[in-house]
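**Student:** I'd like to ask some things about the structure below.
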Amino acid sequence: MHATRTDTTPILAEAAMWAPSVHNTQPWRISVDHEEIRLLADSDRRLSTADPDGREMLISCGAALFNLRLAARHLGHTPEVRLLPDHQRPALIAEIRLGAPPAAGAEDDSRLYEQIPRRHTHRGAFRPGPLPASLLATVRDAAYRESAALGIVADEGARVTLGALTEAAEQLQRRTPGYAAETARWAPSPGSTRADGVHPSTYPNRSARTEPFYPGRDYARGQGWGARREDPDELITGTVAVLTTRGDDRADWLCAGQALQRVLLEATAKGVAAAFHTQPLELTEVRELIRTRLCDLAYPQMLLRLGPADVEPGSVRLPVEALSLGGLRP
Ligand SMILES: Cc1cc2nc3c(=O)[nH]c(=O)nc-3n(C[C@H](O)[C@H](O)[C@H](O)COP(=O)(O)O)c2cc1C
């Protein structure tokens with residue numbers, strides 16, 4: 001028997017809610033109508049300076065879409081997804097029909113569904129220890145299954161170069177009023193009761209100087225905010241990886257978001273967390289340099305570090321009721 005609207009909506013909305021999003025903007029809304037779910041982008045939450053084309057907004061929506069697909073399966077349905085179904089309605093990201101129960105022998109992804117609320121962004125150094133080759137194979141396969149690629153940056157020179165480009169982009173953004181104002185808008189001060197944005201409890205009060213150094217975003221803006229954390233004895237950068245796609249249009253960005261979330265949930269299941277450094281990908285010239293020199297002409301969508309980490313305090317979310325707006329029209 002199929003679940004009805006009233007009992008499926010909170011499960012679907014909560015799954016979408018826990019997806020990662022740039023600056024925790026949570027730029028999505030969902031509406032559920034019987035067995036059809038609509039995922040909509042909320043462009044009022046797009047970063048107009050760092051993300052004028054909405055690339056990071058759509059990566060975030062893609063991550064939410066992947067969670068919706070897992071939630072549909074959890075509810076006993078095969079999700080039937082139509083991506084960007086209507087060119088006249090660009091905010092309409094996907095229509096997902098709750099289809100028939102999965103066929104006997106279909107993959108059981110309840111393991112990934114359970115990781116949705118456990119996954120958190122890591123900011124800082126990792127515990128020592130290489131990631132097992134089997135885990136690297138799993139996360140690469142995860143990206144591939146969503147029509148993206150996760151390139152593990154094994155070459156030391158390339159790791160140093162990406163770290164240096166991250167540092168350069170971070171410094172340029174700090175000096176550019178538009179970026180600084182945008183970070184200020186999405187990084188509330190301590191004690192704020194906002195249910196979005198990056199709060200000081202979720203970032204360290206100083207960037208761990210890993211070698212090579214991958215600086216964090218300037219969420220504290222010189223105010224000394226951020227959680228005090230003991231630096232480990234060794235400041236481990238972790239495994240550097242670049243998520244890429246062959247094309248660079250809106251559908252590719254949604255694939256990148258779904259791939260990102262599949263990668264992150266597979267990693268979480270194995271006790272591995274991810275830190276993101278997307279500053280260099282927000283500067284057109286630097287992104288192009290990374291694409292042509294380090295990504296074999298594939299389009300870099302996310303720059304991340306993976307490694308074993310202690311669980312950090314979770315970030316805030318808008319209440320489920322605020323996401324499941326039946327009334328939002330694309
Ligand atoms: C497209 C995208 C870009 C991101 N860029 C960064 C980044 O540069 N630095 C960072 O610390 N976190 C980055 N994040 C992580 C978000 O800040 C994080 O998902 C959000 O604050 C919610 O926290 P959570 O992932 O712990 O649930 C990014 C996430 C996405 C989806």
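Labeling convention for the structure tokens: chains A, B, ... as they appear, residues from 1 per chain, ligands from 1 in order of appearance.
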Would you tabulate, counting only C-alpha atoms and all ligand atoms, all residues of chain A that have an atom at most 6 Å from an atom of ligand 1, showing the closest pair of atoms and their distance in Å to one decimal, sorted by chain then ascending number, as a tab-separated table?

**Tutor:**
```
residue	atom	partner	partner_atom_place_in_ligand_line	distance
A:Pro20	CA	ligand 1	19 (O)	3.3
A:Ser21	CA	ligand 1	31 (C)	3.6
A:Val22	CA	ligand 1	30 (C)	3.8
A:His23	CA	ligand 1	17 (O)	4.3
A:Asn24	CA	ligand 1	20 (C)	3.8
A:Glu56	CA	ligand 1	1 (C)	4.2
A:Ile59	CA	ligand 1	1 (C)	5.3
A:Ser60	CA	ligand 1	31 (C)	4.4
A:His120	CA	ligand 1	26 (O)	3.5
A:Thr121	CA	ligand 1	26 (O)	3.9
A:Arg123	CA	ligand 1	11 (O)	5.8
A:Val198	CA	ligand 1	21 (O)	5.0
A:Gly216	CA	ligand 1	11 (O)	5.9
A:Arg217	CA	ligand 1	9 (N)	5.5
A:Phe276	CA	ligand 1	7 (C)	4.6
A:His277	CA	ligand 1	8 (O)	3.9
A:Thr278	CA	ligand 1	8 (O)	3.9
A:Gln279	CA	ligand 1	8 (O)	5.4
A:Gly314	CA	ligand 1	26 (O)	5.5
A:Ser315	CA	ligand 1	23 (O)	4.9
```

**Student:** Show which residues sit within 12 Å of Gly76 in chain A, as a PyMOL selection string. Count only C-alpha atoms, and ignore same-chain residues fewer than 4 positions away.

**Tutor:** chain A and resi 1-3+8+69-72+98-104+106+108-110

**Student:** Please dump the current selection as a PDB file, in the first residue's frame; keep C-alpha atoms.

**Tutor:**
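Here's the written file again.pdb:
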```pdb
ATOM      1  CA  MET A   1       0.000   0.000   0.000  1.00  0.00           C
ATOM      2  CA  HIS A   2       1.312   3.439  -0.861  1.00  0.00           C
ATOM      3  CA  ALA A   3       1.814   5.942   1.921  1.00  0.00           C
ATOM      4  CA  THR A   8       5.151  10.962   3.577  1.00  0.00           C
ATOM      5  CA  ARG A  69      15.483   9.766  -3.741  1.00  0.00           C
ATOM      6  CA  LEU A  70      16.745   7.856  -0.693  1.00  0.00           C
ATOM      7  CA  ALA A  71      13.682   8.878   1.323  1.00  0.00           C
ATOM      8  CA  ALA A  72      11.370   7.692  -1.470  1.00  0.00           C
ATOM      9  CA  LEU A  98       6.745   7.805  -5.968  1.00  0.00           C
ATOM     10  CA  GLY A  99       6.734   4.749  -8.218  1.00  0.00           C
ATOM     11  CA  ALA A 100       6.196   1.053  -7.626  1.00  0.00           C
ATOM     12  CA  PRO A 101       8.087  -0.791  -4.881  1.00  0.00           C
ATOM     13  CA  PRO A 102      11.667  -1.617  -5.864  1.00  0.00           C
ATOM     14  CA  ALA A 103      11.974  -4.909  -7.748  1.00  0.00           C
ATOM     15  CA  ALA A 104      13.195  -7.951  -5.840  1.00  0.00           C
ATOM     16  CA  ALA A 106      17.204  -4.095  -6.143  1.00  0.00           C
ATOM     17  CA  ASP A 108      19.182  -1.814  -0.522  1.00  0.00           C
ATOM     18  CA  ASP A 109      20.298   1.756   0.180  1.00  0.00           C
ATOM     19  CA  SER A 110      18.788   2.026   3.683  1.00  0.00           C
TER      20      SER A 110
END
```

**Student:** Mind giving me the straight-line distance from CA of Ala143 in chain A to CA of Ala251 in chain A in Å, one decimal?

**Tutor:**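 Separation of CA of Ala143 in chain A and CA of Ala251 in chain A: 14.9 Å.
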
**Student:** Between range 148-216 of chain A and range 224-248 of chain A, at 12 Å or less, what are the per-residue closest atom pairs and their distances in Å? Count only C-alpha atoms, order by chain and rising residue number, and return it as a Markdown table.

**Tutor:**
```
| residue | atom | partner | partner_atom | distance |
| --- | --- | --- | --- | --- |
| A:Ala148 | CA | A:Thr245 | CA | 4.9 |
| A:Ala149 | CA | A:Thr244 | CA | 5.2 |
| A:Leu150 | CA | A:Leu243 | CA | 4.5 |
| A:Gly151 | CA | A:Val242 | CA | 5.2 |
| A:Ile152 | CA | A:Ala241 | CA | 4.5 |
| A:Val153 | CA | A:Ala241 | CA | 5.4 |
| A:Ala154 | CA | A:Val240 | CA | 7.7 |
| A:Asp155 | CA | A:Val240 | CA | 9.8 |
| A:Glu156 | CA | A:Val240 | CA | 10.0 |
| A:Gly157 | CA | A:Val240 | CA | 11.9 |
| A:Ala158 | CA | A:Val240 | CA | 9.5 |
| A:Arg159 | CA | A:Val240 | CA | 6.8 |
| A:Val160 | CA | A:Val240 | CA | 10.1 |
| A:Thr161 | CA | A:Val240 | CA | 11.4 |
| A:Leu162 | CA | A:Val240 | CA | 8.9 |
| A:Gly163 | CA | A:Val240 | CA | 9.4 |
| A:Ala187 | CA | A:Trp225 | CA | 10.3 |
| A:Pro188 | CA | A:Trp225 | CA | 10.0 |
| A:Ser189 | CA | A:Trp225 | CA | 7.6 |
| A:Pro190 | CA | A:Trp225 | CA | 7.1 |
| A:Gly191 | CA | A:Trp225 | CA | 10.8 |
| A:Val198 | CA | A:Gly226 | CA | 10.3 |
| A:His199 | CA | A:Gly226 | CA | 8.0 |
| A:Pro200 | CA | A:Gly226 | CA | 4.3 |
| A:Ser201 | CA | A:Ala227 | CA | 5.3 |
| A:Thr202 | CA | A:Ala227 | CA | 7.0 |
| A:Tyr203 | CA | A:Gly226 | CA | 5.3 |
| A:Pro204 | CA | A:Ala227 | CA | 4.7 |
| A:Asn205 | CA | A:Gly226 | CA | 3.9 |
| A:Arg206 | CA | A:Gly226 | CA | 7.5 |
| A:Ser207 | CA | A:Asp231 | CA | 9.8 |
| A:Ala208 | CA | A:Leu235 | CA | 6.9 |
| A:Arg209 | CA | A:Leu235 | CA | 6.7 |
| A:Thr210 | CA | A:Leu235 | CA | 4.8 |
| A:Glu211 | CA | A:Thr237 | CA | 6.3 |
| A:Pro212 | CA | A:Thr237 | CA | 6.7 |
| A:Phe213 | CA | A:Thr237 | CA | 7.3 |
| A:Tyr214 | CA | A:Thr237 | CA | 7.6 |
| A:Pro215 | CA | A:Thr237 | CA | 10.5 |
| A:Gly216 | CA | A:Gly226 | CA | 11.7 |
```

**Student:** I need the residue nearest Leu58 in chain A from this list: A:Ala256, A:Ala181, A:Val32, A:Ile37. Use only C-alpha atoms for the distance.

**Tutor:**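 Ranking A:Ala256, A:Ala181, A:Val32, A:Ile37 by distance to Leu58 in chain A, first place goes to A:Ala256.
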
**Student:** For Val139 in chain A, find every residue with an atom within 10 Å (counting only C-alpha atoms), except residues of its own chain fewer than 2 positions away, and show them as a PyMOL selection string.

**Tutor:** chain A and resi 134-137+141-145+149-152+259-260+262-267

**Student:** Pick out the closest residue to Leu131 in chain A from this set: A:Arg174, A:Gly197, A:Gly307, A:Arg221. Count only C-alpha atoms.

**Tutor:**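 Ranked by minimum distance to Leu131 in chain A, first place goes to A:Gly307.
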
**Student:** Can you list, as number ranges by chain, all residues belonging to range 227-290 of chain A that DSSP tags as helix (DSSP H, G or I)?

**Tutor:** A: 250-269, 279-282, 284-290

**Student:** Find the distance between CA of Glu182 in chain A and CA of Asp44 in chain A and write it in Å to one decimal.

**Tutor:** 12.9 Å

**Student:** Which residues come within 8 Å of Thr183 in chain A, counting only C-alpha atoms, excluding same-chain residues fewer than 3 positions away, as a list of chain:residue names?

**Tutor:**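 Once the adjacent positions are removed, what remains is A:His23, A:Tyr179, A:Ala180, A:Trp186, A:Ala187, A:Asp218, A:Tyr219.
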
**Student:** Next, write the just-selected residues to a file, as a PDB file, in the first residue's frame, keeping C-alpha atoms as the atom set.

**Tutor:**
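Done, and the output landed in part-v4.pdb:
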```
ATOM      1  CA  HIS A  23      26.841  28.797   3.418  1.00  0.00           C
ATOM      2  CA  TYR A 179      32.172  38.663  -1.158  1.00  0.00           C
ATOM      3  CA  ALA A 180      32.876  39.923   2.342  1.00  0.00           C
ATOM      4  CA  TRP A 186      25.356  34.175   5.981  1.00  0.00           C
ATOM      5  CA  ALA A 187      27.650  33.919   9.005  1.00  0.00           C
ATOM      6  CA  ASP A 218      36.545  33.725   6.821  1.00  0.00           C
ATOM      7  CA  TYR A 219      33.226  33.219   8.606  1.00  0.00           C
TER       8      TYR A 219
END
```

**Student:** Which of these residues is nearest to Pro130 in chain A, using only C-alpha atoms: A:Leu318, A:Cys295, A:Val272, A:Leu289?

**Tutor:**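 Of A:Leu318, A:Cys295, A:Val272, A:Leu289, the one nearest Pro130 in chain A, counting only C-alpha atoms, is A:Val272.
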
**Student:** For the strand (DSSP E or B) assignment from backbone DSSP, which residues of range 30-225 of chain A qualify? Please present them as number ranges by chain.

**Tutor:** A: 30-33, 36-41, 79-83, 92-98, 121, 126, 149-152, 204
